[in-house]
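Novice: Just so it is clear, I am handing over model-v6.cif, which has mmCIF, C-alpha atoms.
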```
data_work
loop_
_atom_site.label_atom_id
_atom_site.label_comp_id
_atom_site.auth_asym_id
_atom_site.auth_seq_id
_atom_site.Cartn_x
_atom_site.Cartn_y
_atom_site.Cartn_z
CA MET A 245 247.30 -141.09 130.30
CA GLY A 246 244.85 -138.35 129.45
CA GLU A 247 242.75 -140.73 127.34
CA THR A 248 242.25 -143.26 130.12
CA ALA A 249 242.09 -141.03 133.21
CA GLU A 250 238.68 -140.70 134.83
CA TYR A 251 239.30 -137.51 136.76
CA ARG A 252 241.29 -134.37 136.02
CA ILE A 253 243.18 -132.61 138.78
CA MET A 254 244.63 -129.12 139.01
CA ILE A 255 247.43 -128.46 141.53
CA VAL A 256 247.66 -124.98 143.04
CA ASP A 257 250.68 -124.41 145.28
CA ASP A 258 253.31 -121.67 145.44
CA HIS A 259 256.14 -124.18 145.91
CA ASP A 260 257.49 -125.75 142.72
CA MET A 261 258.78 -128.82 144.54
CA VAL A 262 255.37 -129.52 146.08
CA ARG A 263 253.65 -129.27 142.70
CA THR A 264 256.30 -131.46 141.08
CA GLY A 265 256.07 -134.08 143.81
CA LEU A 266 252.29 -134.25 143.68
CA LYS A 267 252.26 -134.35 139.90
CA THR A 268 254.87 -137.12 139.81
CA TYR A 269 252.92 -139.22 142.26
CA LEU A 270 249.55 -138.69 140.62
CA MET A 271 251.01 -139.73 137.28
CA LEU A 272 251.29 -143.21 138.77
CA GLU A 273 247.54 -143.28 139.45
CA PRO A 274 245.74 -144.13 136.18
CA LYS A 275 242.45 -142.81 137.53
CA PHE A 276 243.80 -139.25 137.81
CA GLU A 277 245.30 -136.84 135.31
CA VAL A 278 246.97 -133.56 136.25
CA CYS A 279 245.47 -131.24 133.66
CA ALA A 280 246.86 -127.95 134.98
CA GLU A 281 248.93 -126.39 137.74
CA ALA A 282 249.46 -122.91 139.14
CA GLY A 283 251.75 -121.17 141.61
CA SER A 284 249.16 -118.75 142.97
CA GLY A 285 245.46 -118.12 143.22
CA GLU A 286 245.62 -115.53 140.46
CA GLU A 287 247.45 -117.96 138.16
CA ALA A 288 244.87 -120.63 138.93
CA LEU A 289 241.96 -118.42 137.87
CA LYS A 290 243.74 -117.40 134.66
CA ALA A 291 244.53 -121.02 133.86
CA LEU A 292 240.92 -122.09 134.42
CA GLU A 293 239.73 -119.34 132.06
CA THR A 294 241.87 -120.78 129.26
CA LEU A 295 240.65 -124.35 129.61
CA GLU A 296 237.84 -125.72 127.47
CA PRO A 297 234.70 -126.62 129.46
CA ASP A 298 235.31 -130.33 128.89
CA ARG A 299 238.89 -130.00 130.11
CA LEU A 300 238.18 -128.25 133.42
CA PRO A 301 239.49 -130.12 136.46
CA HIS A 302 237.16 -132.27 138.49
CA ILE A 303 239.27 -131.54 141.57
CA ILE A 304 241.68 -128.81 142.63
CA LEU A 305 244.37 -129.60 145.18
CA MET A 306 244.59 -126.16 146.79
CA ASP A 307 247.37 -124.82 149.01
CA LEU A 308 246.04 -122.69 151.87
CA MET A 309 248.76 -120.08 152.40
CA MET A 310 249.95 -118.39 149.20
CA PRO A 311 251.13 -114.87 148.32
CA GLY A 312 248.34 -112.68 146.95
CA MET A 313 245.10 -114.63 146.93
CA ASP A 314 245.26 -117.34 149.57
CA GLY A 315 243.55 -120.71 149.27
CA VAL A 316 240.33 -119.54 150.91
CA GLU A 317 239.94 -116.54 148.61
CA THR A 318 240.80 -118.63 145.57
CA THR A 319 238.33 -121.33 146.58
CA ARG A 320 235.53 -118.78 146.82
CA ALA A 321 236.43 -117.31 143.43
CA VAL A 322 236.68 -120.71 141.74
CA LEU A 323 233.37 -122.02 143.08
CA THR A 324 231.56 -118.80 142.19
CA ARG A 325 232.60 -119.24 138.57
CA TRP A 326 232.82 -123.05 138.38
CA PRO A 327 230.60 -124.51 141.13
CA GLY A 328 231.04 -128.08 139.90
CA ILE A 329 234.73 -128.23 140.77
CA ARG A 330 235.65 -129.95 144.02
CA ILE A 331 238.32 -128.35 146.19
CA VAL A 332 240.64 -130.36 148.44
CA MET A 333 242.60 -128.02 150.70
CA LEU A 334 246.11 -129.42 151.12
CA THR A 335 248.07 -127.54 153.75
CA SER A 336 250.48 -127.63 156.68
CA PHE A 337 248.24 -125.45 158.86
CA LEU A 338 245.81 -126.82 161.44
CA GLU A 339 244.63 -123.60 163.12
CA ASP A 340 240.94 -123.79 164.06
CA ASP A 341 239.98 -120.57 162.26
CA LYS A 342 241.72 -121.62 159.04
CA VAL A 343 239.88 -124.93 158.94
CA VAL A 344 236.54 -123.16 159.47
CA ALA A 345 237.31 -120.56 156.79
CA ALA A 346 238.27 -123.21 154.24
CA VAL A 347 235.16 -125.29 154.82
CA GLU A 348 232.88 -122.26 154.74
CA ALA A 349 234.50 -121.16 151.48
CA GLY A 350 233.35 -124.44 149.97
CA ALA A 351 236.31 -126.81 150.25
CA THR A 352 235.09 -130.40 150.19
CA SER A 353 237.98 -131.67 152.27
CA TYR A 354 240.83 -130.30 154.37
CA VAL A 355 243.94 -132.45 154.30
CA LEU A 356 247.31 -131.94 155.94
CA LYS A 357 250.46 -132.32 153.87
CA THR A 358 251.67 -134.89 156.39
CA VAL A 359 249.08 -137.45 155.26
CA SER A 360 250.19 -140.62 153.54
CA ALA A 361 249.83 -141.13 149.80
CA GLU A 362 246.98 -143.55 150.44
CA GLU A 363 245.14 -140.99 152.57
CA LEU A 364 245.51 -138.35 149.87
CA ILE A 365 244.10 -140.68 147.23
CA TYR A 366 241.24 -141.50 149.59
CA ALA A 367 240.51 -137.77 149.92
CA LEU A 368 240.57 -137.33 146.14
CA ASN A 369 238.20 -140.24 145.63
CA GLY A 370 235.92 -138.81 148.29
CA ALA A 371 235.96 -135.38 146.66
CA VAL A 372 234.79 -136.87 143.37
CA ARG A 373 231.69 -138.13 145.19
CA GLY A 374 231.30 -134.91 147.16
CA MET A 375 232.16 -136.75 150.36
CA PRO A 376 234.12 -134.66 152.90
CA VAL A 377 237.29 -136.34 154.10
CA MET A 378 239.05 -135.10 157.23
CA THR A 379 241.37 -136.71 159.72
CA SER A 380 240.30 -136.69 163.36
CA ASP A 381 242.58 -133.77 164.25
CA VAL A 382 241.14 -131.67 161.43
CA SER A 383 237.58 -132.55 162.48
CA GLN A 384 238.38 -131.54 166.04
CA ALA A 385 239.85 -128.24 164.85
CA LEU A 386 236.70 -127.57 162.82
CA THR A 387 234.49 -128.31 165.82
CA ARG A 388 236.55 -126.06 168.10
CA GLY A 389 236.59 -123.27 165.55
CA LEU A 390 232.83 -123.35 165.05
CA ARG A 391 232.16 -123.43 168.79
CA GLN A 392 234.49 -120.51 169.40
CA ARG A 393 232.90 -118.44 166.65
CA ASN A 394 229.41 -119.27 167.87
CA ALA A 395 230.41 -118.18 171.35
CA GLN A 396 231.81 -114.91 170.01
CA GLU A 397 228.63 -114.26 168.06
CA ALA A 398 226.54 -115.10 171.10
CA ASP A 399 228.40 -112.48 173.12
CA GLU A 400 226.89 -109.81 170.91
CA GLY A 401 223.43 -110.96 171.99
CA LEU A 402 224.08 -110.70 175.72
CA THR A 403 222.20 -108.06 177.67
CA GLU A 404 224.12 -105.72 179.97
CA ARG A 405 222.72 -107.56 183.00
CA GLU A 406 223.84 -110.90 181.58
CA LYS A 407 227.33 -109.50 181.06
CA GLU A 408 227.37 -108.35 184.67
CA VAL A 409 226.35 -111.82 185.85
CA LEU A 410 228.96 -113.40 183.57
CA LEU A 411 231.69 -111.20 185.03
CA LEU A 412 230.71 -112.13 188.58
CA ILE A 413 230.64 -115.82 187.67
CA ALA A 414 234.18 -115.43 186.34
CA GLU A 415 235.16 -113.91 189.70
CA GLY A 416 233.93 -117.06 191.42
CA ARG A 417 230.82 -115.55 193.02
CA SER A 418 227.97 -117.81 194.13
CA ASN A 419 224.37 -117.21 193.07
CA LYS A 420 223.65 -115.62 196.45
CA GLU A 421 226.67 -113.33 196.21
CA ILE A 422 225.66 -112.31 192.69
CA ALA A 423 222.11 -111.63 193.87
CA ASP A 424 223.38 -109.45 196.74
CA GLU A 425 225.81 -107.59 194.48
CA LEU A 426 223.21 -106.79 191.82
CA HIS A 427 220.25 -106.44 194.21
CA ILE A 428 218.21 -109.10 192.44
CA SER A 429 216.69 -112.38 193.60
CA ILE A 430 218.52 -115.70 193.48
CA LYS A 431 215.81 -116.99 191.15
CA THR A 432 216.59 -114.15 188.74
CA VAL A 433 220.30 -114.97 188.93
CA LYS A 434 219.56 -118.60 188.05
CA THR A 435 217.54 -117.43 185.05
CA HIS A 436 220.44 -115.27 183.85
CA VAL A 437 222.86 -118.17 184.29
CA SER A 438 220.58 -120.46 182.25
CA ASN A 439 220.30 -117.84 179.52
CA LEU A 440 224.08 -117.40 179.45
CA LEU A 441 224.65 -121.13 179.09
CA MET A 442 222.16 -121.30 176.25
CA LYS A 443 223.40 -118.23 174.37
CA CYS A 444 227.07 -119.14 174.72
CA GLU A 445 226.37 -122.82 173.99
CA LEU A 446 228.26 -123.90 177.10
CA GLU A 447 227.52 -126.57 179.68
CA ASP A 448 228.42 -125.22 183.12
CA ARG A 449 229.61 -122.26 185.19
CA THR A 450 233.25 -123.24 184.83
CA GLN A 451 233.01 -122.96 181.06
CA LEU A 452 231.28 -119.60 181.46
CA ALA A 453 234.16 -118.39 183.62
CA VAL A 454 236.74 -119.54 181.06
CA TYR A 455 234.71 -117.87 178.32
CA ALA A 456 234.64 -114.57 180.22
CA HIS A 457 238.43 -114.66 180.67
CA ARG A 458 238.96 -115.47 177.00
CA LYS A 459 236.75 -112.55 175.99
CA GLY A 460 238.80 -110.21 178.14
CA LEU A 461 235.92 -109.35 180.47
CA VAL A 462 238.01 -110.09 183.56
CA LYS A 463 240.81 -107.70 184.41
CA PRO A 464 244.09 -109.30 185.49
CA ALA A 465 244.86 -109.07 189.21
CA GLY A 466 246.76 -105.95 190.26
CA ARG A 467 245.37 -103.75 187.50
#
```
As a first step, turn the structure in this file into structure tokens.

Specialist:
Amino acid sequence: MGETAEYRIMIVDDHDMVRTGLKTYLMLEPKFEVCAEAGSGEEALKALETLEPDRLPHIILMDLMMPGMDGVETTRAVLTRWPGIRIVMLTSFLEDDKVVAAVEAGATSYVLKTVSAEELIYALNGAVRGMPVMTSDVSQALTRGLRQRNAQEADEGLTEREKEVLLLIAEGRSNKEIADELHISIKTVKTHVSNLLMKCELEDRTQLAVYAHRKGLVKPAGR
């Protein structure tokens, strides 16, 4: 099969059965050849070092959660040394922050292990062309993760006055009540609200209130 395969694949997963299953299936696809496999990030890097340049994988199917170096760390290390390799993250985890970390590390695609065989092949074909492939739930997780991180970063840019206004918004105060509390004009309050919406990349006061609660700016009742 190695003589006719168009693309070489390396499988990195700490579960033997997963690697065996993927390898067995990919053997049925003449376009792909499994050229190497590893049970950890460290093993993957050592294996890549031993391969001849013309035998390096075109794609790595990378598990996300592994002992030692996880998939994100391994992806960064691989792409630093071999930037031409495409990484397809294959995992059971859909947490927003994990999706963001994998994509920022350089993974071309993020695919759940629950996908069908056809969807996996589609992701591999996309990776060859450098085309990101994500299901709708993964895309939504990526969007949520990026928005949340942007909001957290924006919090660092808030002035003390803006934080005071944000807290009062979270308490349900009107612009007039905020103005009276802080001894500023209603026009100034409106300016602060506009700045908060822009900095936090939110759309309305309700979202600002939710954001303040999530950031722990509002003390629970009775405390």

Novice: Spell out the residues picked by the PyMOL selection byres ((chain A and resi 413-430) around 10) here, as a PyMOL selection string.

Specialist: chain A and resi 405+407-412+431-437+449-457+461-463

Novice: Name every residue that the PyMOL selection byres ((chain A and resi 258-271) around 12) selects in this structure, writing the answer as a ChimeraX atom specification with chains first and numbers rising.

Specialist: /A:245-246,248-249,251-257,272-288,304-315,334-336,357,360-362,364-365,368

Novice: Go ahead and compute the interatomic distance for CA of Met333 (chain A) and CA of Glu296 (chain A), in Å to one decimal.

Specialist: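 We find that CA of Met333 (chain A) and CA of Glu296 (chain A) lie 23.8 Å from each other.
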
Novice: Between CA of Thr294 (chain A) and CA of Glu348 (chain A), measure the distance and give it in Å to one decimal.

Specialist: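 Spanning CA of Thr294 (chain A) to CA of Glu348 (chain A) is a straight-line distance of 27.1 Å.
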
Novice: What's the separation between CA of Asp340 (chain A) and CA of Leu386 (chain A), in Å to one decimal place?

Specialist: 5.8 Å

Novice: Do you know which residues are at most 10 Å from Thr387 (chain A) counting only C-alpha atoms, after dropping those on the same chain fewer than 4 positions away, and could you put them as number ranges by chain?

Specialist: A: 340, 343-344, 381-383, 391-392

Novice: Report as number ranges by chain the residues that result from applying the PyMOL selection byres ((chain A and resi 379) around 9) to the structure here.

Specialist: A: 354-356, 359, 377-378, 380-384

Novice: Find, counting all atoms listed in the file, the residue in A:Lys443, A:Arg373, A:Leu390, A:Gly350 that gets nearest to Arg320 (chain A).

Specialist: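 Comparing A:Lys443, A:Arg373, A:Leu390, A:Gly350 against Arg320 (chain A), the winner is A:Gly350.
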
Novice: Nearest residue to Ala385 (chain A) out of A:Lys290, A:Lys342, A:Arg325, A:Lys459, using only C-alpha atoms?

Specialist: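 Selected residue with least distance to Ala385 (chain A): A:Lys342.
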
Novice: Quick one: of A:Cys444, A:Met375, A:Ile329, A:Val316, who's nearest to Arg299 (chain A), counting only C-alpha atoms?

Specialist: A:Ile329

Novice: Tell me which protein, DNA and RNA residues are within 9 Å of Ala371 (chain A), counting all atoms listed in the file, leaving out same-chain ones fewer than 2 positions away, and put them as a ChimeraX atom specification.

Specialist: /A:302-303,330-332,352-353,366-369,373-377

Novice: When you write region 365-393 of chain A out from the block above, keep N, CA, C and O atoms and present the result as an mmCIF file, in the first residue's frame, please.

Specialist:
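Saved result, part-v4.cif, follows:
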```cif
data_model
loop_
_atom_site.group_PDB
_atom_site.id
_atom_site.type_symbol
_atom_site.label_atom_id
_atom_site.label_comp_id
_atom_site.auth_asym_id
_atom_site.auth_seq_id
_atom_site.Cartn_x
_atom_site.Cartn_y
_atom_site.Cartn_z
ATOM 1 N N ILE A 365 -12.690 10.861 7.134
ATOM 2 C CA ILE A 365 -11.993 10.913 5.850
ATOM 3 C C ILE A 365 -12.115 12.302 5.235
ATOM 4 O O ILE A 365 -11.159 12.839 4.661
ATOM 5 N N TYR A 366 -13.280 12.907 5.381
ATOM 6 C CA TYR A 366 -13.480 14.268 4.882
ATOM 7 C C TYR A 366 -12.522 15.234 5.566
ATOM 8 O O TYR A 366 -11.932 16.114 4.926
ATOM 9 N N ALA A 367 -12.339 15.067 6.877
ATOM 10 C CA ALA A 367 -11.421 15.926 7.626
ATOM 11 C C ALA A 367 -9.983 15.709 7.178
ATOM 12 O O ALA A 367 -9.207 16.662 7.065
ATOM 13 N N LEU A 368 -9.620 14.468 6.918
ATOM 14 C CA LEU A 368 -8.258 14.169 6.453
ATOM 15 C C LEU A 368 -8.020 14.779 5.070
ATOM 16 O O LEU A 368 -6.954 15.356 4.819
ATOM 17 N N ASN A 369 -8.983 14.633 4.194
ATOM 18 C CA ASN A 369 -8.846 15.233 2.861
ATOM 19 C C ASN A 369 -8.752 16.752 2.955
ATOM 20 O O ASN A 369 -7.993 17.393 2.220
ATOM 21 N N GLY A 370 -9.519 17.334 3.869
ATOM 22 C CA GLY A 370 -9.450 18.777 4.056
ATOM 23 C C GLY A 370 -8.104 19.214 4.589
ATOM 24 O O GLY A 370 -7.552 20.231 4.171
ATOM 25 N N ALA A 371 -7.553 18.434 5.520
ATOM 26 C CA ALA A 371 -6.262 18.776 6.106
ATOM 27 C C ALA A 371 -5.163 18.801 5.056
ATOM 28 O O ALA A 371 -4.265 19.650 5.094
ATOM 29 N N VAL A 372 -5.224 17.876 4.120
ATOM 30 C CA VAL A 372 -4.227 17.836 3.042
ATOM 31 C C VAL A 372 -4.204 19.162 2.291
ATOM 32 O O VAL A 372 -3.149 19.665 1.903
ATOM 33 N N ARG A 373 -5.380 19.765 2.117
ATOM 34 C CA ARG A 373 -5.484 21.028 1.392
ATOM 35 C C ARG A 373 -5.373 22.236 2.316
ATOM 36 O O ARG A 373 -5.509 23.371 1.870
ATOM 37 N N GLY A 374 -5.150 21.971 3.611
ATOM 38 C CA GLY A 374 -5.069 23.063 4.571
ATOM 39 C C GLY A 374 -6.408 23.683 4.870
ATOM 40 O O GLY A 374 -6.487 24.824 5.337
ATOM 41 N N MET A 375 -7.485 22.930 4.625
ATOM 42 C CA MET A 375 -8.838 23.436 4.832
ATOM 43 C C MET A 375 -9.362 22.969 6.192
ATOM 44 O O MET A 375 -9.485 21.770 6.432
ATOM 45 N N PRO A 376 -9.641 23.893 7.108
ATOM 46 C CA PRO A 376 -10.172 23.491 8.419
ATOM 47 C C PRO A 376 -11.518 22.797 8.278
ATOM 48 O O PRO A 376 -12.376 23.229 7.508
ATOM 49 N N VAL A 377 -11.678 21.713 9.014
ATOM 50 C CA VAL A 377 -12.944 20.986 9.024
ATOM 51 C C VAL A 377 -13.405 20.852 10.467
ATOM 52 O O VAL A 377 -12.694 20.310 11.315
ATOM 53 N N MET A 378 -14.585 21.389 10.756
ATOM 54 C CA MET A 378 -15.161 21.291 12.094
ATOM 55 C C MET A 378 -16.661 21.103 11.977
ATOM 56 O O MET A 378 -17.297 21.705 11.118
ATOM 57 N N THR A 379 -17.207 20.278 12.852
ATOM 58 C CA THR A 379 -18.653 20.142 12.898
ATOM 59 C C THR A 379 -19.237 21.403 13.525
ATOM 60 O O THR A 379 -18.511 22.203 14.124
ATOM 61 N N SER A 380 -20.542 21.574 13.425
ATOM 62 C CA SER A 380 -21.163 22.789 13.931
ATOM 63 C C SER A 380 -20.964 22.956 15.434
ATOM 64 O O SER A 380 -20.745 24.073 15.914
ATOM 65 N N ASP A 381 -21.014 21.853 16.189
ATOM 66 C CA ASP A 381 -20.837 21.983 17.635
ATOM 67 C C ASP A 381 -19.424 22.398 18.007
ATOM 68 O O ASP A 381 -19.207 23.165 18.945
ATOM 69 N N VAL A 382 -18.436 21.935 17.241
ATOM 70 C CA VAL A 382 -17.061 22.347 17.479
ATOM 71 C C VAL A 382 -16.882 23.817 17.126
ATOM 72 O O VAL A 382 -16.231 24.577 17.853
ATOM 73 N N SER A 383 -17.457 24.245 16.004
ATOM 74 C CA SER A 383 -17.374 25.655 15.605
ATOM 75 C C SER A 383 -17.997 26.561 16.646
ATOM 76 O O SER A 383 -17.463 27.635 16.961
ATOM 77 N N GLN A 384 -19.130 26.124 17.199
ATOM 78 C CA GLN A 384 -19.786 26.919 18.233
ATOM 79 C C GLN A 384 -18.929 26.996 19.492
ATOM 80 O O GLN A 384 -18.844 28.050 20.129
ATOM 81 N N ALA A 385 -18.283 25.879 19.845
ATOM 82 C CA ALA A 385 -17.408 25.880 21.017
ATOM 83 C C ALA A 385 -16.226 26.823 20.802
ATOM 84 O O ALA A 385 -15.803 27.533 21.720
ATOM 85 N N LEU A 386 -15.685 26.829 19.597
ATOM 86 C CA LEU A 386 -14.575 27.728 19.275
ATOM 87 C C LEU A 386 -15.015 29.182 19.397
ATOM 88 O O LEU A 386 -14.312 30.006 19.999
ATOM 89 N N THR A 387 -16.181 29.489 18.856
ATOM 90 C CA THR A 387 -16.691 30.861 18.928
ATOM 91 C C THR A 387 -16.903 31.289 20.369
ATOM 92 O O THR A 387 -16.517 32.394 20.777
ATOM 93 N N ARG A 388 -17.534 30.420 21.162
ATOM 94 C CA ARG A 388 -17.771 30.748 22.577
ATOM 95 C C ARG A 388 -16.452 30.940 23.315
ATOM 96 O O ARG A 388 -16.295 31.870 24.115
ATOM 97 N N GLY A 389 -15.498 30.062 23.057
ATOM 98 C CA GLY A 389 -14.217 30.151 23.747
ATOM 99 C C GLY A 389 -13.474 31.436 23.431
ATOM 100 O O GLY A 389 -12.902 32.064 24.319
ATOM 101 N N LEU A 390 -13.502 31.828 22.169
ATOM 102 C CA LEU A 390 -12.823 33.066 21.772
ATOM 103 C C LEU A 390 -13.516 34.286 22.371
ATOM 104 O O LEU A 390 -12.853 35.221 22.831
ATOM 105 N N ARG A 391 -14.847 34.281 22.373
ATOM 106 C CA ARG A 391 -15.579 35.406 22.949
ATOM 107 C C ARG A 391 -15.300 35.533 24.445
ATOM 108 O O ARG A 391 -15.117 36.635 24.969
ATOM 109 N N GLN A 392 -15.288 34.388 25.117
ATOM 110 C CA GLN A 392 -15.050 34.420 26.559
ATOM 111 C C GLN A 392 -13.651 34.937 26.866
ATOM 112 O O GLN A 392 -13.453 35.742 27.767
ATOM 113 N N ARG A 393 -12.671 34.481 26.097
ATOM 114 C CA ARG A 393 -11.305 34.934 26.337
ATOM 115 C C ARG A 393 -11.158 36.415 26.018
ATOM 116 O O ARG A 393 -10.494 37.155 26.748
#
```
